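Visitor: Hey, dropping target12.txt in here, compact mmCIF, C-alpha atoms:
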```txt
# COMPACT_ATOMS: atom_id res chain seq x y z
CA MET A 65 -62.56 -48.99 -99.77
CA LYS A 66 -61.87 -46.67 -96.81
CA LYS A 67 -65.62 -46.25 -96.19
CA LEU A 68 -66.03 -50.05 -96.30
CA LEU A 69 -63.26 -50.52 -93.71
CA ILE A 70 -64.82 -47.92 -91.43
CA ALA A 71 -68.23 -49.55 -91.76
CA THR A 72 -66.74 -52.95 -91.00
CA ALA A 73 -64.98 -51.59 -87.91
CA VAL A 74 -68.18 -49.94 -86.68
CA THR A 75 -70.10 -53.18 -87.23
CA ALA A 76 -67.47 -55.15 -85.30
CA LEU A 77 -67.51 -52.63 -82.47
CA SER A 78 -71.28 -52.76 -82.31
CA ALA A 79 -71.18 -56.55 -82.21
CA GLY A 80 -68.73 -56.42 -79.33
CA MET A 81 -70.96 -54.03 -77.45
CA VAL A 82 -74.00 -56.22 -78.00
CA SER A 83 -72.14 -59.30 -76.74
CA ALA A 84 -71.51 -57.69 -73.34
CA GLU A 85 -74.19 -58.62 -70.81
CA GLU A 86 -75.40 -57.71 -67.37
CA ILE A 87 -75.22 -61.18 -65.85
CA LYS A 88 -76.96 -62.05 -62.62
CA LEU A 89 -76.04 -64.82 -60.20
CA GLY A 90 -78.24 -65.78 -57.27
CA THR A 91 -77.49 -66.89 -53.75
CA SER A 92 -79.81 -69.25 -51.91
CA LEU A 93 -78.51 -69.20 -48.33
CA GLY A 94 -80.12 -69.52 -44.90
CA PHE A 95 -80.34 -65.91 -43.71
CA THR A 96 -83.07 -67.11 -41.38
CA GLY A 97 -83.20 -70.52 -39.74
CA PRO A 98 -80.81 -72.91 -38.01
CA LEU A 99 -77.57 -71.59 -39.55
CA GLU A 100 -78.42 -67.92 -39.89
CA SER A 101 -75.24 -66.86 -38.08
CA MET A 102 -73.12 -68.37 -40.88
CA ALA A 103 -74.98 -66.96 -43.90
CA PRO A 104 -73.77 -63.31 -43.88
CA ASP A 105 -70.08 -64.18 -44.26
CA MET A 106 -70.97 -66.76 -46.90
CA GLN A 107 -72.84 -64.09 -48.86
CA LYS A 108 -69.88 -61.73 -48.55
CA GLY A 109 -67.55 -64.43 -49.86
CA ALA A 110 -69.65 -64.80 -53.01
CA GLU A 111 -69.90 -61.02 -53.35
CA LEU A 112 -66.12 -60.69 -53.18
CA ALA A 113 -65.58 -63.09 -56.10
CA VAL A 114 -68.32 -61.46 -58.17
CA LYS A 115 -66.85 -58.00 -57.59
CA GLU A 116 -63.35 -59.19 -58.47
CA ILE A 117 -64.54 -60.64 -61.79
CA SER A 118 -66.81 -57.72 -62.64
CA ASP A 119 -64.26 -55.03 -61.75
CA SER A 120 -61.61 -56.68 -63.95
CA GLY A 121 -63.40 -55.56 -67.11
CA LYS A 122 -62.14 -58.75 -68.75
CA PHE A 123 -65.20 -60.94 -68.39
CA LEU A 124 -67.12 -62.00 -71.53
CA ASP A 125 -66.38 -58.92 -73.64
CA GLY A 126 -66.78 -56.53 -70.73
CA SER A 127 -69.88 -58.08 -69.20
CA THR A 128 -70.72 -57.07 -65.64
CA VAL A 129 -71.97 -59.36 -62.89
CA SER A 130 -74.33 -58.70 -60.01
CA LEU A 131 -75.50 -60.93 -57.16
CA VAL A 132 -79.15 -61.35 -56.18
CA GLN A 133 -79.67 -62.51 -52.60
CA GLY A 134 -82.21 -65.17 -51.70
CA ASP A 135 -83.14 -66.75 -48.35
CA SER A 136 -83.35 -70.54 -48.40
CA THR A 137 -84.11 -70.68 -44.63
CA CYS A 138 -82.04 -73.90 -44.60
CA ALA A 139 -84.90 -75.75 -42.95
CA ASP A 140 -87.97 -75.13 -45.14
CA ALA A 141 -87.74 -76.91 -48.49
CA ALA A 142 -90.87 -75.18 -49.82
CA ALA A 143 -89.50 -71.74 -48.97
CA ALA A 144 -86.14 -72.58 -50.53
CA THR A 145 -87.82 -73.85 -53.69
CA ALA A 146 -89.87 -70.64 -53.94
CA THR A 147 -86.70 -68.58 -53.49
CA VAL A 148 -84.87 -70.41 -56.26
CA GLU A 149 -87.95 -70.18 -58.49
CA ARG A 150 -87.94 -66.40 -58.00
CA LEU A 151 -84.22 -66.12 -58.68
CA ILE A 152 -84.54 -68.04 -61.95
CA THR A 153 -87.87 -66.88 -63.37
CA ALA A 154 -88.22 -63.34 -62.01
CA GLU A 155 -84.59 -62.27 -61.65
CA GLY A 156 -83.18 -64.21 -64.59
CA VAL A 157 -80.06 -65.50 -62.86
CA LYS A 158 -77.63 -67.63 -64.87
CA GLY A 159 -76.36 -69.66 -61.91
CA ILE A 160 -76.93 -70.09 -58.18
CA ILE A 161 -74.59 -70.29 -55.19
CA GLY A 162 -76.55 -72.63 -52.92
CA GLY A 163 -78.43 -74.23 -51.40
CA MET A 164 -76.95 -74.00 -47.97
CA CYS A 165 -78.46 -77.05 -46.26
CA SER A 166 -78.86 -80.46 -47.81
CA GLY A 167 -82.63 -81.02 -47.72
CA GLU A 168 -83.56 -77.69 -49.22
CA ALA A 169 -80.70 -77.96 -51.73
CA ILE A 170 -82.07 -81.30 -52.94
CA ALA A 171 -85.60 -79.88 -53.24
CA SER A 172 -84.45 -76.75 -55.07
CA LEU A 173 -82.26 -78.74 -57.43
CA GLU A 174 -84.86 -81.36 -58.33
CA ASN A 175 -87.91 -79.09 -58.46
CA VAL A 176 -86.51 -75.93 -60.00
CA ALA A 177 -82.86 -75.87 -61.10
CA VAL A 178 -82.83 -79.08 -63.14
CA PRO A 179 -86.16 -78.42 -64.92
CA ASN A 180 -84.91 -74.93 -65.81
CA GLY A 181 -81.38 -76.04 -66.70
CA ILE A 182 -79.64 -73.78 -64.14
CA VAL A 183 -76.26 -74.56 -62.57
CA MET A 184 -76.10 -74.70 -58.76
CA ILE A 185 -72.85 -74.82 -56.79
CA SER A 186 -73.42 -75.36 -53.09
CA PRO A 187 -70.76 -74.18 -50.64
CA SER A 188 -72.15 -76.16 -47.72
CA ALA A 189 -74.73 -78.87 -48.53
CA THR A 190 -72.93 -82.05 -47.51
CA SER A 191 -75.42 -84.95 -47.63
CA PRO A 192 -74.03 -88.08 -49.33
CA ALA A 193 -77.34 -88.26 -51.23
CA LEU A 194 -76.20 -85.34 -53.36
CA SER A 195 -73.38 -87.46 -54.80
CA THR A 196 -75.83 -89.72 -56.64
CA ILE A 197 -78.71 -87.35 -57.40
CA GLU A 198 -79.91 -87.03 -61.01
CA ASP A 199 -78.71 -83.52 -61.79
CA ASN A 200 -78.06 -83.47 -65.56
CA GLY A 201 -74.54 -82.25 -64.79
CA LEU A 202 -75.87 -79.03 -63.24
CA PHE A 203 -74.93 -79.51 -59.57
CA PHE A 204 -71.51 -79.08 -57.97
CA ARG A 205 -70.31 -78.38 -54.44
CA THR A 206 -67.20 -76.86 -52.97
CA SER A 207 -67.78 -78.64 -49.67
CA PRO A 208 -67.05 -82.37 -49.37
CA SER A 209 -69.64 -85.09 -48.81
CA ASP A 210 -70.39 -86.16 -45.26
CA ALA A 211 -69.28 -89.63 -46.29
CA ARG A 212 -65.80 -88.12 -45.94
CA GLN A 213 -66.62 -86.16 -42.78
CA GLY A 214 -67.84 -89.30 -41.04
CA GLU A 215 -64.45 -90.93 -41.60
CA VAL A 216 -62.53 -87.85 -40.41
CA MET A 217 -64.65 -87.50 -37.29
CA ALA A 218 -64.19 -91.17 -36.44
CA ASP A 219 -60.41 -90.79 -36.76
CA ILE A 220 -60.31 -87.70 -34.55
CA ILE A 221 -62.39 -89.33 -31.81
CA MET A 222 -60.34 -92.53 -31.81
CA ASP A 223 -57.13 -90.48 -31.71
CA LYS A 224 -58.44 -88.86 -28.52
CA GLY A 225 -58.64 -92.29 -26.91
CA ILE A 226 -62.44 -92.30 -26.94
CA ASP A 227 -64.02 -95.50 -28.22
CA ASN A 228 -67.67 -95.16 -27.16
CA VAL A 229 -69.98 -92.25 -27.88
CA ALA A 230 -73.64 -91.32 -28.04
CA VAL A 231 -74.91 -89.57 -31.16
CA THR A 232 -77.75 -87.11 -31.65
CA TYR A 233 -78.57 -85.70 -35.07
CA THR A 234 -80.99 -83.19 -36.51
CA ASN A 235 -83.83 -85.06 -38.15
CA ASN A 236 -83.23 -84.14 -41.79
CA ASP A 237 -81.12 -85.17 -44.79
CA TYR A 238 -77.97 -83.57 -43.40
CA GLY A 239 -78.25 -85.05 -39.92
CA LYS A 240 -79.26 -88.54 -41.05
CA GLY A 241 -76.57 -88.74 -43.72
CA LEU A 242 -73.79 -87.63 -41.37
CA ALA A 243 -74.94 -89.86 -38.51
CA GLU A 244 -75.05 -92.88 -40.80
CA SER A 245 -71.65 -92.24 -42.37
CA PHE A 246 -70.07 -91.64 -38.96
CA GLU A 247 -71.59 -94.79 -37.45
CA ALA A 248 -70.27 -96.90 -40.32
CA ALA A 249 -66.76 -95.46 -40.04
CA PHE A 250 -66.59 -95.50 -36.24
CA THR A 251 -67.80 -99.06 -35.79
CA GLU A 252 -65.49 -100.27 -38.55
CA LYS A 253 -62.59 -98.84 -36.54
CA GLY A 254 -63.72 -100.72 -33.43
CA GLY A 255 -65.72 -97.96 -31.75
CA THR A 256 -69.07 -98.38 -30.03
CA ILE A 257 -72.09 -96.13 -30.50
CA THR A 258 -74.35 -96.40 -27.48
CA THR A 259 -77.30 -94.74 -29.23
CA ASN A 260 -77.87 -92.91 -32.49
CA SER A 261 -81.05 -90.85 -32.16
CA ALA A 262 -82.69 -87.89 -33.87
CA HIS A 263 -83.76 -84.58 -32.39
CA GLU A 264 -86.19 -82.08 -33.88
CA ASP A 265 -85.23 -78.45 -34.35
CA GLY A 266 -87.35 -75.66 -32.91
CA LYS A 267 -88.06 -77.09 -29.46
CA ALA A 268 -87.78 -75.05 -26.27
CA ASP A 269 -86.72 -78.01 -24.12
CA TYR A 270 -84.45 -80.97 -24.94
CA SER A 271 -84.34 -82.55 -21.50
CA ALA A 272 -86.20 -85.69 -22.63
CA GLU A 273 -83.78 -86.28 -25.50
CA VAL A 274 -80.79 -85.72 -23.23
CA ALA A 275 -82.18 -88.08 -20.60
CA ALA A 276 -82.36 -90.87 -23.20
CA LEU A 277 -78.84 -90.11 -24.42
CA SER A 278 -77.53 -90.09 -20.85
CA ALA A 279 -79.19 -93.41 -20.09
CA ALA A 280 -77.42 -94.99 -23.06
CA GLY A 281 -74.09 -93.60 -21.83
CA GLY A 282 -70.91 -92.72 -23.67
CA ASP A 283 -67.66 -90.92 -22.99
CA ALA A 284 -68.69 -88.09 -25.34
CA LEU A 285 -71.78 -86.84 -27.15
CA VAL A 286 -71.62 -86.27 -30.91
CA VAL A 287 -73.98 -83.42 -31.81
CA ALA A 288 -74.72 -83.52 -35.54
CA GLY A 289 -77.03 -80.53 -35.45
CA TYR A 290 -77.27 -76.81 -36.11
CA VAL A 291 -75.61 -74.23 -33.90
CA ASP A 292 -78.51 -71.77 -34.15
CA GLN A 293 -81.14 -74.41 -33.46
CA GLY A 294 -81.61 -77.79 -31.79
CA GLY A 295 -77.91 -78.65 -31.64
CA SER A 296 -77.26 -75.87 -29.16
CA GLY A 297 -80.47 -76.76 -27.34
CA VAL A 298 -79.23 -80.31 -26.78
CA VAL A 299 -75.84 -79.06 -25.54
CA ARG A 300 -77.53 -76.63 -23.16
CA ALA A 301 -79.70 -79.38 -21.67
CA ALA A 302 -76.75 -81.78 -21.40
CA LEU A 303 -74.65 -79.20 -19.56
CA ASP A 304 -77.49 -78.19 -17.24
CA THR A 305 -78.16 -81.78 -16.20
CA GLY A 306 -74.53 -82.91 -16.14
CA ALA A 307 -75.33 -85.68 -18.63
CA PHE A 308 -72.20 -85.03 -20.73
CA ASP A 309 -69.24 -82.72 -20.40
CA THR A 310 -67.36 -83.63 -23.60
CA PHE A 311 -68.93 -82.92 -26.97
CA VAL A 312 -67.91 -83.66 -30.56
CA PHE A 313 -69.04 -80.97 -33.02
CA PRO A 314 -69.24 -81.52 -36.79
CA ASP A 315 -69.57 -78.72 -39.33
CA GLY A 316 -73.12 -77.58 -38.59
CA MET A 317 -72.04 -76.68 -35.06
CA VAL A 318 -68.57 -75.24 -35.63
CA GLY A 319 -68.53 -71.46 -35.61
CA GLN A 320 -68.20 -68.38 -33.45
CA ALA A 321 -71.83 -68.76 -32.37
CA LEU A 322 -70.88 -71.96 -30.53
CA VAL A 323 -68.21 -70.11 -28.56
CA ASP A 324 -70.61 -67.24 -27.91
CA ASN A 325 -73.27 -69.66 -26.65
CA PHE A 326 -71.14 -71.76 -24.31
CA GLY A 327 -67.68 -70.27 -23.76
CA GLU A 328 -65.72 -72.24 -21.16
CA GLU A 329 -68.62 -74.63 -20.54
CA ILE A 330 -67.48 -76.80 -23.45
CA GLU A 331 -63.86 -76.95 -22.32
CA GLY A 332 -62.10 -80.01 -23.76
CA SER A 333 -64.66 -80.54 -26.51
CA PHE A 334 -63.58 -80.75 -30.14
CA GLY A 335 -64.75 -81.13 -33.70
CA GLN A 336 -64.10 -80.48 -37.38
CA ASN A 337 -65.39 -78.61 -40.39
CA PRO A 338 -64.31 -78.26 -44.03
CA ALA A 339 -61.49 -75.71 -44.36
CA ALA A 340 -58.28 -75.96 -46.30
CA GLU A 341 -54.93 -74.62 -45.18
CA GLY A 342 -52.24 -72.99 -47.25
CA GLU A 343 -51.52 -69.89 -49.29
CA GLY A 344 -54.94 -69.66 -50.91
CA ARG A 345 -56.78 -69.63 -47.61
CA ASP A 346 -54.36 -67.11 -46.11
CA ILE A 347 -54.82 -64.76 -49.06
CA TYR A 348 -58.59 -65.07 -48.89
CA VAL A 349 -58.72 -64.37 -45.15
CA LYS A 350 -56.65 -61.23 -45.71
CA MET A 351 -58.85 -60.13 -48.62
CA ALA A 352 -61.93 -60.64 -46.48
CA GLU A 353 -60.46 -58.63 -43.63
CA GLU A 354 -59.77 -55.76 -46.03
CA ALA A 355 -63.38 -56.04 -47.25
CA GLY A 356 -64.67 -55.80 -43.67
CA TYR A 357 -65.78 -59.34 -42.82
CA ASP A 358 -64.46 -62.56 -41.29
CA GLY A 359 -63.12 -64.87 -43.96
CA THR A 360 -62.50 -67.63 -41.41
CA GLY A 361 -66.25 -68.08 -40.93
CA ALA A 362 -67.64 -71.49 -41.77
CA PHE A 363 -68.19 -71.98 -45.53
CA SER A 364 -67.29 -68.37 -46.38
CA ALA A 365 -64.24 -69.43 -48.41
CA GLU A 366 -66.29 -72.17 -50.07
CA SER A 367 -68.79 -69.49 -51.15
CA TYR A 368 -66.05 -67.39 -52.74
CA ASP A 369 -64.90 -70.47 -54.64
CA ALA A 370 -68.43 -71.42 -55.71
CA ALA A 371 -69.03 -68.00 -57.26
CA ALA A 372 -65.57 -67.94 -58.86
CA LEU A 373 -66.04 -71.37 -60.44
CA ILE A 374 -69.38 -70.44 -62.01
CA LEU A 375 -67.90 -67.31 -63.56
CA LEU A 376 -64.66 -68.95 -64.68
CA GLY A 377 -66.73 -71.75 -66.21
CA MET A 378 -68.62 -69.11 -68.19
CA ALA A 379 -65.35 -67.52 -69.29
CA ALA A 380 -63.95 -70.87 -70.42
CA ALA A 381 -67.10 -71.60 -72.40
CA GLY A 382 -67.35 -68.07 -73.79
CA SER A 383 -70.97 -68.07 -72.73
CA SER A 384 -73.24 -67.42 -69.75
CA ASP A 385 -75.58 -70.18 -70.94
CA PRO A 386 -75.63 -72.89 -68.23
CA ALA A 387 -76.04 -75.61 -70.87
CA GLU A 388 -72.63 -74.61 -72.21
CA TYR A 389 -70.62 -73.51 -69.18
CA LYS A 390 -71.60 -76.48 -67.00
CA GLU A 391 -69.26 -78.55 -69.18
CA LYS A 392 -66.29 -76.34 -68.26
CA ILE A 393 -66.52 -76.22 -64.47
CA MET A 394 -64.63 -79.47 -63.87
CA ASP A 395 -62.00 -78.31 -66.38
CA VAL A 396 -61.27 -75.00 -64.66
CA ALA A 397 -61.35 -76.62 -61.20
CA ASN A 398 -58.67 -79.22 -61.87
CA GLU A 399 -55.33 -79.79 -63.56
CA PRO A 400 -53.84 -79.21 -66.06
CA GLY A 401 -53.32 -75.47 -66.10
CA GLU A 402 -51.83 -72.53 -64.26
CA LYS A 403 -52.79 -72.48 -60.61
CA ILE A 404 -55.16 -69.66 -59.65
CA LEU A 405 -55.41 -68.28 -56.11
CA PRO A 406 -57.86 -65.75 -54.61
CA GLY A 407 -57.22 -62.30 -56.02
CA GLU A 408 -56.04 -63.78 -59.33
CA LEU A 409 -59.38 -64.07 -61.11
CA GLY A 410 -58.42 -61.36 -63.62
CA LYS A 411 -55.26 -63.31 -64.42
CA ALA A 412 -57.41 -66.43 -64.92
CA LEU A 413 -59.62 -64.54 -67.37
CA ASP A 414 -56.56 -63.49 -69.37
CA ILE A 415 -55.35 -67.08 -69.63
CA LEU A 416 -58.74 -68.40 -70.66
CA SER A 417 -59.24 -65.64 -73.25
CA GLU A 418 -55.97 -66.72 -74.88
CA GLY A 419 -57.11 -70.35 -75.02
CA GLY A 420 -54.98 -71.49 -72.09
CA ASP A 421 -55.83 -73.77 -69.18
CA ILE A 422 -56.23 -72.92 -65.50
CA ASP A 423 -56.24 -75.04 -62.36
CA TYR A 424 -58.39 -73.13 -59.89
CA VAL A 425 -57.00 -73.65 -56.38
CA GLY A 426 -58.93 -70.83 -54.80
CA ALA A 427 -59.47 -70.33 -51.09
CA THR A 428 -60.16 -73.99 -50.26
CA SER A 429 -57.58 -75.89 -52.34
CA VAL A 430 -60.29 -76.87 -54.82
CA GLU A 431 -59.91 -80.33 -56.31
CA PHE A 432 -63.09 -81.77 -57.77
CA VAL A 433 -63.82 -85.47 -57.94
CA GLU A 434 -66.75 -86.97 -59.81
CA PRO A 435 -69.60 -86.11 -59.84
CA GLY A 436 -68.32 -82.57 -59.27
CA GLU A 437 -67.61 -82.16 -55.57
CA SER A 438 -64.69 -81.32 -53.32
CA ALA A 439 -62.36 -84.16 -52.39
CA GLY A 440 -62.35 -82.71 -48.88
CA ILE A 441 -59.92 -81.20 -46.38
CA TYR A 442 -61.05 -80.64 -42.79
CA ARG A 443 -59.67 -78.51 -40.01
CA GLU A 444 -59.67 -80.04 -36.55
CA VAL A 445 -60.68 -77.64 -33.77
CA SER A 446 -60.65 -77.75 -29.99
CA PHE A 447 -62.33 -75.58 -27.38
CA THR A 448 -60.02 -74.27 -24.67
CA GLY A 449 -60.35 -71.33 -22.31
CA GLY A 450 -63.57 -70.20 -23.92
CA GLU A 451 -62.00 -70.01 -27.38
CA MET A 452 -61.97 -72.15 -30.51
CA GLU A 453 -58.51 -73.18 -31.64
CA VAL A 454 -57.46 -74.80 -34.92
CA VAL A 455 -55.18 -77.71 -34.05
CA GLY A 456 -54.58 -79.31 -37.43
CA TYR A 457 -55.90 -80.39 -40.82
CA ARG A 458 -56.95 -83.78 -42.15
```
Could you rewrite the structure in this file as structure tokens?

Guide:
Amino acid sequence: MKKLLIATAVTALSAGMVSAEEIKLGTSLGFTGPLESMAPDMQKGAELAVKEISDSGKFLDGSTVSLVQGDSTCADAAAATATVERLITAEGVKGIIGGMCSGEAIASLENVAVPNGIVMISPSATSPALSTIEDNGLFFRTSPSDARQGEVMADIIMDKGIDNVAVTYTNNDYGKGLAESFEAAFTEKGGTITTNSAHEDGKADYSAEVAALSAAGGDALVVAGYVDQGGSGVVRAALDTGAFDTFVFPDGMVGQALVDNFGEEIEGSFGQNPAAEGEGRDIYVKMAEEAGYDGTGAFSAESYDAAALILLGMAAAGSSDPAEYKEKIMDVANEPGEKILPGELGKALDILSEGGDIDYVGATSVEFVEPGESAGIYREVSFTGGEMEVVGYR
């Protein structure tokens, strides 16, 4: 009998050892392209969550997690698709944090992730088109839809006493979706849009575009573009010609690179980007500082949350199989359950292992609405004395 008990124990131990995995997640972020200045801190946010889970020793019977980096370029859908194809087929990732920009995220999702049954959680792709895409329950995002951002931006502008603006947008899914949602919200509130025109990224000179915008007029220019590409090119041309001196900057423009590019030249301008306030954000920013990077960077906190939600979904399902854990992501993101803040991922794993429920708050006050995206909180920023200042949340 004693030998039988020992054999049984050895068999159980062996089974436990076999069940532990080396799980890979991928990132598909724009390390080159129109938002390349934002990608490093987004990558570090995802790395921080992965390290926290892996170091806990409590994940899926002691499984470890590693992160495989991929460059989506943000702008090139073919390159992004190839990156995601490599992550899935060559690297064997079980989930992807990305894409970063809407057009390439749509292409990667439709062409690669859905056919291969891989979960994607984007920290920053905001096109309203992603709310209705056929995704087989595999796509989520920790950033809100631009349908919400358009409403917030309209409110901010009207509150400034500005009721007529010109709009320029980058000619892709992100720019078109945001420009359309903003126009609908702004005109419904009684505002006037003098012109709503596209610009192409990658040009050396935007004087022709700015001349047309100036001719249409407006008390401010809304620049729905990319800070490392055409958006900054349009602002430069507008400042050089004196066409506009007040700019409204949505999320693709809001970051330290904007301050570095223009300093006091954009005095009195303002904008908004997704960013929650509260204890979770404060904890995350401190954790990031201790890890040696800037946690206040655009979409960095959203990246931490995206990685955390994938891994907590796996823990809740007891499996790294996307077909199983995709069903748990909404559950761990929302009530009921014990609230989980950054730095508490080990605690979350304990609760889930005991069959309990968690309500992941994370760094961005996560609250998912159908079909699996953030309800949306935005920080309002202004540019004064060559610095960007947070003036409130909406």

Visitor: Could you check which of A:Gly201, A:Gly289, A:Pro314, A:Gly419 is closest to Ile220 of chain A, using only C-alpha atoms?

Guide: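 Of A:Gly201, A:Gly289, A:Pro314, A:Gly419, the one nearest Ile220 of chain A, counting only C-alpha atoms, is A:Pro314.
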
Visitor: Name all residues at most 10 Å from Lys115 of chain A (count all atoms listed in the file; drop same-chain ones fewer than 4 positions away) and give them as a list of chain:residue names.

Guide: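 Here the answer would be A:Ala110, A:Glu111, A:Asp119, A:Ser120, A:Thr128, A:Val129, A:Ser130, A:Leu131.
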
Visitor: From the options A:Phe204, A:Tyr290, A:Phe95, A:Phe334, which residue's atoms come nearest to Tyr238 of chain A, counting only C-alpha atoms?

Guide: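 Selected residue with least distance to Tyr238 of chain A: A:Tyr290.
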
Visitor: Give one line per residue of segment 315-432 of chain A that approaches segment 302-310 of chain A to at most 7 Å, naming the two atoms of the closest pair and their distance in Å to one decimal, counting all atoms listed in the file; sort by chain then ascending residue number and deliver it as JSON lines.

Guide:
```
{"residue": "A:Ile330", "atom": "CA", "partner": "A:Thr310", "partner_atom": "CA", "distance": 6.8}
{"residue": "A:Gly332", "atom": "CA", "partner": "A:Thr310", "partner_atom": "CA", "distance": 6.4}
{"residue": "A:Ser333", "atom": "CA", "partner": "A:Thr310", "partner_atom": "CA", "distance": 5.0}
```

Visitor: Write out as a PyMOL selection string the residues lying within 9 Å of Asp369 of chain A, counting all atoms listed in the file and excluding same-chain residues fewer than 3 positions away.

Guide: chain A and resi 109-110+113+187+206+364-366+372-374+406+424-428+430

Visitor: Would you mind exporting the chosen residues as a short mmCIF file (atom, residue, chain, number, x, y, z; two decimals), in the frame of the given file, restricted to C-alpha atoms?

Guide:
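Ended up saving to part.cif:
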```
data_model
loop_
_atom_site.label_atom_id
_atom_site.label_comp_id
_atom_site.auth_asym_id
_atom_site.auth_seq_id
_atom_site.Cartn_x
_atom_site.Cartn_y
_atom_site.Cartn_z
CA GLY A 109 -67.55 -64.43 -49.86
CA ALA A 110 -69.65 -64.80 -53.01
CA ALA A 113 -65.58 -63.09 -56.10
CA PRO A 187 -70.76 -74.18 -50.64
CA THR A 206 -67.20 -76.86 -52.97
CA SER A 364 -67.29 -68.37 -46.38
CA ALA A 365 -64.24 -69.43 -48.41
CA GLU A 366 -66.29 -72.17 -50.07
CA ALA A 372 -65.57 -67.94 -58.86
CA LEU A 373 -66.04 -71.37 -60.44
CA ILE A 374 -69.38 -70.44 -62.01
CA PRO A 406 -57.86 -65.75 -54.61
CA TYR A 424 -58.39 -73.13 -59.89
CA VAL A 425 -57.00 -73.65 -56.38
CA GLY A 426 -58.93 -70.83 -54.80
CA ALA A 427 -59.47 -70.33 -51.09
CA THR A 428 -60.16 -73.99 -50.26
CA VAL A 430 -60.29 -76.87 -54.82
#
```

Visitor: Which residues are close to Ala301 of chain A, i.e. within 8 Å by only C-alpha atoms, leaving aside same-chain residues fewer than 2 positions away? Reply as a ChimeraX atom specification.

Guide: /A:269-271,274,297-299,303-305

Visitor: Could the residues in this selection be saved with C-alpha atoms as a PDB file, in the coordinates of the input?

Guide:
```pdb
ATOM      1  CA  ASP A 269     -86.720 -78.010 -24.120  1.00  0.00           C
ATOM      2  CA  TYR A 270     -84.450 -80.970 -24.940  1.00  0.00           C
ATOM      3  CA  SER A 271     -84.340 -82.550 -21.500  1.00  0.00           C
ATOM      4  CA  VAL A 274     -80.790 -85.720 -23.230  1.00  0.00           C
ATOM      5  CA  GLY A 297     -80.470 -76.760 -27.340  1.00  0.00           C
ATOM      6  CA  VAL A 298     -79.230 -80.310 -26.780  1.00  0.00           C
ATOM      7  CA  VAL A 299     -75.840 -79.060 -25.540  1.00  0.00           C
ATOM      8  CA  LEU A 303     -74.650 -79.200 -19.560  1.00  0.00           C
ATOM      9  CA  ASP A 304     -77.490 -78.190 -17.240  1.00  0.00           C
ATOM     10  CA  THR A 305     -78.160 -81.780 -16.200  1.00  0.00           C
TER      11      THR A 305
END
```

Visitor: Please determine, counting all atoms listed in the file, which residue among A:Gly281, A:Gly294, A:Gly420, A:Gly449 has the shortest atom-to-atom distance to Phe326 of chain A.

Guide: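 Ranking A:Gly281, A:Gly294, A:Gly420, A:Gly449 by distance to Phe326 of chain A, first place goes to A:Gly449.
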
Visitor: Between A:Asp237, A:Asp105, A:Asp283, A:Asp395, which one has atoms that come closest to Gly359 of chain A, using only C-alpha atoms?

Guide: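 Closest to Gly359 of chain A, using only C-alpha atoms: A:Asp105.
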
Visitor: Given only C-alpha atoms as the basis, pick out the residue of A:Gly342, A:Pro208, A:Pro179, A:Gly241 nearest to Gly436 of chain A.

Guide: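 Going through A:Gly342, A:Pro208, A:Pro179, A:Gly241 one by one, the smallest distance to Gly436 of chain A is for A:Pro208.
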